[in-house]
Structure formats: C-alpha cells, structure tokens
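Everything below concerns the one structure shown next.
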Protein chains: 2
Amino acid sequence: MSDTQASRIVLAKRPTGTPAQDCFRTETVALGEPADGQVLVKTRYLSVDPYMRGRMNDVKSYVPPYRLDEPISGGAICEVIASRASHLQPGDLVLTQTGWQTHALLAAEKVRKLDPVPQPVTLALGLLGMTGLTAYFGLIDICDPKPGETVVVSGAAGAVGMVVGQIGKILGCRVVGIAGSDAKNRYLTEELGFDAAVNYKSPTFYEDLKRACPDGVDVYFDNVGGPVTDAVMKRINDFARISVCGQISLYNLSEPDVGPRIAPILLTRKAKMQGFIVGDYHARFPEGMAQLSKWYNDGKLKSEETIIKGFDRTIEAFLGLFTGINTGKLIVEVE
Amino acid sequence: MSDTQASRIVLAKRPTGTPAQDCFRTETVALGEPADGQVLVKTRYLSVDPYMRGRMNDVKSYVPPYRLDEPISGGAICEVIASRASHLQPGDLVLTQTGWQTHALLAAEKVRKLDPVPQPVTLALGLLGMTGLTAYFGLIDICDPKPGETVVVSGAAGAVGMVVGQIGKILGCRVVGIAGSDAKNRYLTEELGFDAAVNYKSPTFYEDLKRACPDGVDVYFDNVGGPVTDAVMKRINDFARISVCGQISLYNLSEPDVGPRIAPILLTRKAKMQGFIVGDYHARFPEGMAQLSKWYNDGKLKSEETIIKGFDRTIEAFLGLFTGINTGKLIVEVE
C-alpha cells in the first residue's frame with residue numbers, strides 16, 4: 001500500500017490585524033501506515049471558529065498559541081481508513097482535533113468514535129458538539145436566566161449565538177438577537193422564534209436595541225465585544241449577568257482597543273461579567289449533550305449550518321467568519 | 001422649651017467634576033419638639049463616604065440621587081436628646097441616616113439603638129458598621145478567596161480597603177495593597193500585616209505591582225477603578241474574581257472615561273468581575289457583624305480612623321476623600 005498524501009494548512013507567520021493568505025501555507029506530506037494503537041483518518045468536515053484567530057497570536061490565552069509551521073488544529077469529523085486499534089474499524093466516523101488537514105495519523109485515544117452517528121453528521125461539530133455545549137454552559141451556568149427575563153445575544157446568527165437564543169426561548173425568556181444583516185435577523189425572528197433582532201450596522205442600532213428591550217437587559221451573552229457590547233451595557237438592569245464567550249470584533253485589531261469603561265456600570269447595576277471557555281465544563285459535557293440532544297429530538301432546537309465545499313477554501317471560510325458570511329455553524333466539507 | 005437650632009448642609013447644585021464649595025449651602029432650621037413616636041437627636045459623628053459623590057449626580061444608580069436643597073444623607077451616630085418613643089431615652093446613642101446635619105427630628109423606627117455601644121463608638125460607622133460589612137461581603141461572597149491565593153486591594157488605606165486586606169490575611173491569603181503614599185503603605189505592611197503594598201503614584205507602579213504579585217492576582221477588590229485597575233487587570237490569573245466596590249478615581253470626571261477594554265481579559269482568563277452594594281446583603285448583616293466583632297475582639301482586625309473635628313469642616317472632609325487625606329475610615333466629629 002503506497003503512502004497517503006495529506007494536504008495541510010500550516011501557520012506560516014503570525015498575522016497582524018486581519019490574517020492574509022500569506023499567513024498560511026498549504027503543504028503536502030506523505031503519511032505512512034498506522035503503527036500499533038494508531039489510526040489513519042481522512043477528514044470529511046472541519047470546523048472554522050473565531051477562537052482560532054486568538055491562537056494565531058503569540059500571547060497568553062486559555063489555549064496555547066498555534067506553533068509556526070504546524071497545522072492549524074481544531075475540530076474535525078474524520079473517517080477511519082486504516083486502523084491498528086481494535087475498537088476502530090475502517091469506515092468509522094470519529095471526532096478529532098486534526099483541524100486543517102485532509103488526512104492524519106493519530107493515536108487512537110485522541111479520537112472519539114461517533115456512536116451513534118448524528119444525522120446530519122455535522123451536528124457533531126455544531127449543535128451537538130462544542131458549539132452547542134458552549135451555548136448551553138455559557139448561558140445556563142453563568143447567566144442563570146429566569147422565565148420572563150430579557151436575554152440579549154450578540155453574534156446571534158453565528159453558530160453559538162443561534163443556540164443561545166433558542167435555549168433562552170425554551171427557558172421562557174424574551175430573546176433579542178444582534179446580528180449584522182436584516183436577512184439574518186429575519187431568520188432569527190421568523191425561523192428560530194427570537195422575539196426581536198436588531199442590526200448593529202444600522203444607523204439607528206442603539207434606538208432599535210432600546211425599543212427591542214423595553215424592560216432593559218437581564219442577561220447578555222456576548223460573542224462580539226466592542227461597540228455592540230458598549231451599547232448593550234448601557235441598557236443592563238440591576239443584577240444583570242453577562243457571559244463573555246467571544247470578542248470577535250476585536251480579534252483582528254493590531255493594537256488593544258479602548259472603549260467606555262464598564263466597571264462603573266457593573267458597580268451601579270450590581271452586575272456580573274464573566275468569561276468562560278467550554279473546555280472547563282468537561283466534566284459536565286454528558287449533562288449538556290443529553291439536554292441538547294433531547295431538545296433537538298423534540299424539535300425545540302434547530303440547527304443551521306453554512307457549509308463551504310472544498311479543502312482549498314478553508315482559509316476563505318475562516319476569514320468569512322469576520323465578515324459574517326455564515327448563518328449558523330460554518331463548516332468546510334473536504335471533498 | 002425653645003426650638004432646637006439645627007445646622008444642615010444641603011445640595012445647592014449638582015457638581016460637574018470635582019465638587020466645589022458652592023455646590024453646598026449650610027442652613028439653619030428650627031426643629032420643634034418630637035411628636036408621638038419621634039425622637040430629637042443631636043449628631044455626634046457623621047460619615048463622609050465616596051459613594052455620596054455618585055448620589056450628587058442626577059443619574060440612575062443603586063441609590064436615588066440626592067435632591068437639591070435637601071440635606072446630604074448618610075450614616076451618623078447621634079445622641080437622643082428628647083424622645084416620645086418608649087424604647088429610646090435621652091442619652092441613648094443611635095445609628096441614623098441623618099447625614100450632614102447637627103440635629104434632626106426622626107421617626108423612632110428610622111434609628112437603631114447602639115446596644116451595646118461599641119468602644120470607641122465610631123466603630124459603628126466603620127469596622128463594625130457599613131464599612132466592615134462592605135469589606136466582608138464583597139471579599140467573601142464575591143471573591144471567595146482561598147488560602148495561598150494572592151488578593152490585591154486598591155484604595156487599600158481607605159476605610160473599606162484596610163478591612164479587606166486584613167480579612168484576606170485572616171483567610172490565609174497573600175495580600176497586596178495599592179495606596180497613594182509610601183507612608184500609607186508602610187502602615188499597611190508594618191501595622192496591618194499586608195504582605196506588600198505599592199504606591200500607584202510611583203513611576204515604577206506597574207513594575208512594583210508585578211514584583212509584589214509574583215504568582216499573579218487571584219482576587220482583586222477594586223475601590224478605585226481607572227488606570228490602577230487597568231494595571232491589575234494585566235496580571236490576573238485564570239479564574240480570577242474581581243469585586244467592584246468603588247471607582248473613586250472616576251467619580252469626579254465630568255465625562256465618562258475610556259480605557260483599555262477588559263472583556264477580552266475576562267474571556268482569556270475565564271475571570272469574573274462583579275459589582276455589588278452592601279445593602280443587598282441586608283439579610284446576612286447579623287452573620288457579618290458577628291464575624292467582624294469576633295475578629296476585632298480577638299485582636300485579628302484593627303480599626304483605623306481619621307477624625308476631623310467640627311461640623312463646619314464636613315465638606316472639606318468629604319473632598320479629602322478624593323485627595324486621600326484619610327487613613328482608614330473618615331469621620332467628622334460634630335462638636
């Protein structure tokens with residue numbers, strides 16, 4: 001059996017500001033046969049996520065930075081094509097962290113077999129994967145929303161935001177989404193049951209937000225940061241809970257941003273703002289998965305995905321996160 | 001019996017920036033005899049506190065703004081001089097909210113008899129009053145400090161900060177204070193047992209802070225906000241807890257301040273920042289008072305007060321809070 005040729009996208013240099021194509025390099029490497037305890041996998045779907053931008057910087061964060069000249073790692077659904085691990089067979093679909101590469105040789109303990117395989121399988125990267133769990137724990141554990149409260153979510157048409165809003169509705173809250181196009185906002189209100197959605201690109205954004213939250217904001221799930229968050233902060237109620245999940249509007253700035261100070265607002269409103277990452281809830285993943293699966297199977301949670309076809313469009317897909325090309329989870333299908 | 005002449009300081013106009021003398025007016029009013037259920041009191045000691053500055057603005061906050069042409073209310077220790085309430089006798093010392101006035105006619109249910117009377121009585125405004133309770137709940141409830149963790153407190157030589165640091169030591173933490181003079185800092189380390197104290201006015205402040213916190217910052221109790229807090233935020237550890245008690249450095253700004261955004265730090269460090277006011281812990285005051293009294297009686301907590309003599313120096317005392325004239329609780333003795 002001849003060697004497998006794997007394409008992989010490595011970090012060629014660390015971006016300053018918005019990443020350009022020359023920050024990445026596509027390489028071809030030959031992979032041998034799996035050794036004992038290894039599997040050879042072929043990537044079917046890979047995830048592009050905003051947090052990856054942070055890992056391209058060489059700074060302290062909740063995950064170590066990507067290393068230069070190494071592939072961009074991240075969630076991927078792969079098919080086993082050769083195995084020397086007894087519990088994995090060719091044809092098995094597995095969840096891996098191989099990221100932006102078409103094939104990989106992996107230690108069997110580094111992959112998780114999808115059993116049962118969700119339908120569609122891409123749910124394992126989205127609603128029934130890290131995305132859904134992020135929404136679940138960030139909203140429920142940090143924000144503890146009560147029926148009748150107003151929940152605002154930024155990046156509402158993104159992968160996590162869309163799940164957050166739907167969970168808010170399941171819990172009996174008034175849910176207001178913030179997204180960057182009227183089409184996305186129509187989707188949120190008409191298809192996903194959000195009570196209102198406002199377009200942060202509108203010149204009347206702040207007035208629209210006020211009108212959408214007549215009783216103020218009790219819970220804010222923040223995926224974007226920056227001026228959008230500045231606007232929401234002006235409307236928070238006493239004892240508001242703010243979960244900081246992402247700050248995508250700031251990730252491509254080459255210098256740290258300044259903005260209105262928020263500690264005085266937290267003080268006068270007796271509010272809480274808390275950052276989190278889903279990995280810290282690892283011990284509770286079974287709880288989250290069970291609840292998300294139940295809601296999905298009961299038809300209470302809908303999944304929306306934007307699928308880009310072709311491994312060679314991975315970088316384009318990733319950069320599209322920052323211009324908002326996606327509605328819901330953005331996934332690259334490796335053909 | 002002739003009418004009692006009461007002096008009182010009213011808010012003459014709302015300050016912009018640092019309050020000037022012409023924001024206040026001292027009036028003399030004649031008080032009659034107490035009606036049934038009332039007491040006539042004479043103020044012995046009154047409290048000047050940073051939060052009062054916020055109430056001078058006409059903005060939404062956790063307490064309603066002061067009204068123009070009405071006395072500045074706040075904590076005061078008074079002596080009953082005439083009573084038509086059976087449980088209060090002339091000579092009784094009571095805790096009131098009469099604030100900046102020498103005498104007042106009050107409904108008996110609005111005063112709390114000091115029984116026993118703490119020694120010195122001014123403890124009822126400081127360590128064994130709102131000040132101590134603020135430190136206690138803000139540190140213990142919001143920050144949950146663990147033995148061995150590093151606790152940083154800003155405004156460390158102020159009324160609340162001084163108690164926070166001492167409680168941190170009782171709980172087995174490494175305690176680092178931030179204050180505005182080397183003399184104050186010597187007091188913190190030499191008299192109160194702080195592990196280190198840094199002067200935010202020093203040109204080497206940030207380096208000093210780094211050196212004082214070699215293992216980073218797990219807990220930050222913030223009384224001041226602004227650039228001091230910006231510096232501390234750079235040093236917080238994963239899962240840090242930040243309690244926002246005050247923002248005195250910002251209270252006299254005429255426009256809202258801007259500064260480095262902190263949500264990205266909260267995100268990458270998975271940290272929590274939470275505002276609070278002590279009044280929301282009302283139901284747990286007995287717990288807090290019992291613990292503070294026990295620590296004080298056991299010699300584990302020391303009280304420090306700066307007492308200014310003379311009602312006519314009240315405004316000067318209040319303004320001194322913003323220039324840091326005080327070490328510990330600042331109290332006006334009404335002669």
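Numbering starts fresh at 1 for the residues of each chain in the structure tokens, the chains themselves are lettered A, B, ... in the order given, and ligands are numbered from 1 as they appear.
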
I'd like the contact shell of range 32-45 of chain A - 7 Å cut-off, only C-alpha atoms, skipping same-chain residues fewer than 5 positions apart - returned as a count of residues only.
23

Each residue of chain B lying at most 8 Å from chain A should get a row with its shortest atom-to-atom pair and the distance in Å to one decimal, counting only C-alpha atoms; could you produce that, ordered by chain and increasing number, as a Markdown table?
| residue | atom | partner | partner_atom | distance |
| --- | --- | --- | --- | --- |
| B:Ser61 | CA | A:Thr268 | CA | 5.0 |
| B:Tyr62 | CA | A:Thr268 | CA | 5.3 |
| B:Gly225 | CA | A:Ala263 | CA | 7.2 |
| B:Val244 | CA | A:Leu267 | CA | 5.8 |
| B:Cys245 | CA | A:Leu267 | CA | 6.6 |
| B:Gly246 | CA | A:Leu267 | CA | 7.1 |
| B:Gln247 | CA | A:Pro264 | CA | 6.5 |
| B:Pro256 | CA | A:Pro260 | CA | 7.0 |
| B:Asp257 | CA | A:Pro260 | CA | 6.0 |
| B:Val258 | CA | A:Pro260 | CA | 4.3 |
| B:Gly259 | CA | A:Val258 | CA | 5.0 |
| B:Pro260 | CA | A:Val258 | CA | 4.3 |
| B:Arg261 | CA | A:Val258 | CA | 5.3 |
| B:Ala263 | CA | A:Val244 | CA | 6.8 |
| B:Pro264 | CA | A:Gln247 | CA | 6.5 |
| B:Leu266 | CA | A:Gly275 | CA | 4.9 |
| B:Leu267 | CA | A:Gly275 | CA | 4.0 |
| B:Thr268 | CA | A:Ser61 | CA | 5.0 |
| B:Arg269 | CA | A:Tyr62 | CA | 6.4 |
| B:Lys270 | CA | A:Gly275 | CA | 4.3 |
| B:Ala271 | CA | A:Gly275 | CA | 5.4 |
| B:Lys272 | CA | A:Gln274 | CA | 4.2 |
| B:Met273 | CA | A:Met273 | CA | 5.3 |
| B:Gln274 | CA | A:Lys272 | CA | 4.2 |
| B:Gly275 | CA | A:Leu267 | CA | 4.0 |
| B:Phe276 | CA | A:Lys270 | CA | 4.5 |
| B:Ile277 | CA | A:Lys270 | CA | 6.8 |

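Among the candidates B:Val48, B:Met162, B:Leu68, B:Ile170, the residue lying nearest to Thr134 in chain B is B:Met162 (atoms considered: only C-alpha atoms).
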
Lys13 in chain B: which residues within 12 Å, counting only C-alpha atoms, same-chain residues fewer than 2 positions away excluded, as a list in words?
Ile9, Val10, Leu11, Pro15, Thr16, Pro19, Ala20, Gln21, Asp22, Cys23, Phe24, Arg25, Met56, Asn57, Asp58, Tyr66, Arg67, Leu68, Asp69, Glu70, Pro71 and Ile72 of chain B

If you run DSSP on the backbone, which residues of range 17-253 of chain A are strand (DSSP E), as a ChimeraX atom specification?
/A:24-31,38-47,76-83,93-96,103-107,112-113,150-154,174-179,196-199,217-222,236-244

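Among the candidates B:Ser254, B:Asn297, B:Asn199, B:Thr131, the one nearest to Pro50 in chain B when counting only C-alpha atoms is B:Thr131.
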
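Taking only C-alpha atoms, the non-local environment of Ala231 in chain A within 9 Å (same-chain residues fewer than 3 positions away omitted) comprises Phe205, Tyr206, Leu209, Gly226, Pro227, Val228, Lys234 and Arg235 of chain A.
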
Selection file, N, CA, C and O atoms, as a PDB file, in the first residue's frame:
ATOM      1  N   PHE A 205     -29.107  51.693  15.340  1.00  0.00           N
ATOM      2  CA  PHE A 205     -28.896  50.492  16.156  1.00  0.00           C
ATOM      3  C   PHE A 205     -29.267  50.696  17.627  1.00  0.00           C
ATOM      4  O   PHE A 205     -30.036  49.920  18.208  1.00  0.00           O
ATOM      5  N   TYR A 206     -28.715  51.754  18.230  1.00  0.00           N
ATOM      6  CA  TYR A 206     -28.952  51.900  19.676  1.00  0.00           C
ATOM      7  C   TYR A 206     -30.433  52.130  19.969  1.00  0.00           C
ATOM      8  O   TYR A 206     -30.985  51.547  20.924  1.00  0.00           O
ATOM      9  N   LEU A 209     -32.169  48.867  19.587  1.00  0.00           N
ATOM     10  CA  LEU A 209     -31.912  47.986  20.735  1.00  0.00           C
ATOM     11  C   LEU A 209     -32.782  48.385  21.924  1.00  0.00           C
ATOM     12  O   LEU A 209     -33.375  47.535  22.598  1.00  0.00           O
ATOM     13  N   GLY A 226     -16.671  45.039  21.806  1.00  0.00           N
ATOM     14  CA  GLY A 226     -16.554  46.317  21.104  1.00  0.00           C
ATOM     15  C   GLY A 226     -17.806  47.176  21.214  1.00  0.00           C
ATOM     16  O   GLY A 226     -18.541  47.103  22.200  1.00  0.00           O
ATOM     17  N   PRO A 227     -18.047  47.994  20.210  1.00  0.00           N
ATOM     18  CA  PRO A 227     -19.161  48.952  20.292  1.00  0.00           C
ATOM     19  C   PRO A 227     -20.547  48.310  20.461  1.00  0.00           C
ATOM     20  O   PRO A 227     -21.434  48.915  21.068  1.00  0.00           O
ATOM     21  N   VAL A 228     -20.721  47.109  19.945  1.00  0.00           N
ATOM     22  CA  VAL A 228     -22.011  46.431  20.150  1.00  0.00           C
ATOM     23  C   VAL A 228     -22.242  46.217  21.647  1.00  0.00           C
ATOM     24  O   VAL A 228     -23.317  46.503  22.193  1.00  0.00           O
ATOM     25  N   LYS A 234     -25.189  49.807  28.258  1.00  0.00           N
ATOM     26  CA  LYS A 234     -25.971  50.963  28.734  1.00  0.00           C
ATOM     27  C   LYS A 234     -27.380  50.563  29.169  1.00  0.00           C
ATOM     28  O   LYS A 234     -28.062  51.351  29.831  1.00  0.00           O
ATOM     29  N   ARG A 235     -27.826  49.399  28.742  1.00  0.00           N
ATOM     30  CA  ARG A 235     -29.217  49.010  28.977  1.00  0.00           C
ATOM     31  C   ARG A 235     -29.368  47.925  30.031  1.00  0.00           C
ATOM     32  O   ARG A 235     -30.476  47.431  30.253  1.00  0.00           O
TER      33      ARG A 235
END

Excluding Thr323 in chain A and any residue of its chain fewer than 3 positions from it, enumerate the residues within 12 Å of it, using only C-alpha atoms, and give them as JSON, numbers by chain.
{"A": [18, 50, 155, 158, 179, 180, 181, 248, 249, 252, 316, 317, 318, 319, 320, 326, 327]}

May I have the residues from that selection written out with C-alpha atoms, as a PDB file, in the first residue's frame?
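Listing of part-v2.pdb after writing:
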ATOM      1  CA  THR A  18      -6.706  40.662   9.684  1.00  0.00           C
ATOM      2  CA  PRO A  50     -13.383  32.543  15.752  1.00  0.00           C
ATOM      3  CA  GLY A 155     -23.332  37.363  17.142  1.00  0.00           C
ATOM      4  CA  GLY A 158     -23.431  32.803  14.408  1.00  0.00           C
ATOM      5  CA  ALA A 179     -26.639  40.412  14.016  1.00  0.00           C
ATOM      6  CA  GLY A 180     -25.222  42.202  11.019  1.00  0.00           C
ATOM      7  CA  SER A 181     -27.873  41.905   8.332  1.00  0.00           C
ATOM      8  CA  ILE A 248     -14.800  38.628  17.518  1.00  0.00           C
ATOM      9  CA  SER A 249     -14.999  42.334  16.702  1.00  0.00           C
ATOM     10  CA  ASN A 252      -8.224  41.364  14.186  1.00  0.00           C
ATOM     11  CA  GLU A 316     -11.572  31.808   2.759  1.00  0.00           C
ATOM     12  CA  ALA A 317     -14.152  30.209   5.046  1.00  0.00           C
ATOM     13  CA  PHE A 318     -12.199  31.147   8.155  1.00  0.00           C
ATOM     14  CA  LEU A 319     -11.816  34.750   7.076  1.00  0.00           C
ATOM     15  CA  GLY A 320     -15.525  34.824   6.280  1.00  0.00           C
ATOM     16  CA  ASN A 326     -22.158  32.476   7.686  1.00  0.00           C
ATOM     17  CA  THR A 327     -25.523  31.862   9.234  1.00  0.00           C
TER      18      THR A 327
END

If we count only C-alpha atoms, what is near Gly299 in chain A at a cut-off of 12 Å, once residues fewer than 4 positions away on the same chain are taken out, given as a PyMOL selection string?
chain A and resi 166+170+192+292-295+303

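Take CA of Arg174 in chain A and CA of Phe137 in chain A: the distance between them is 18.8 Å.
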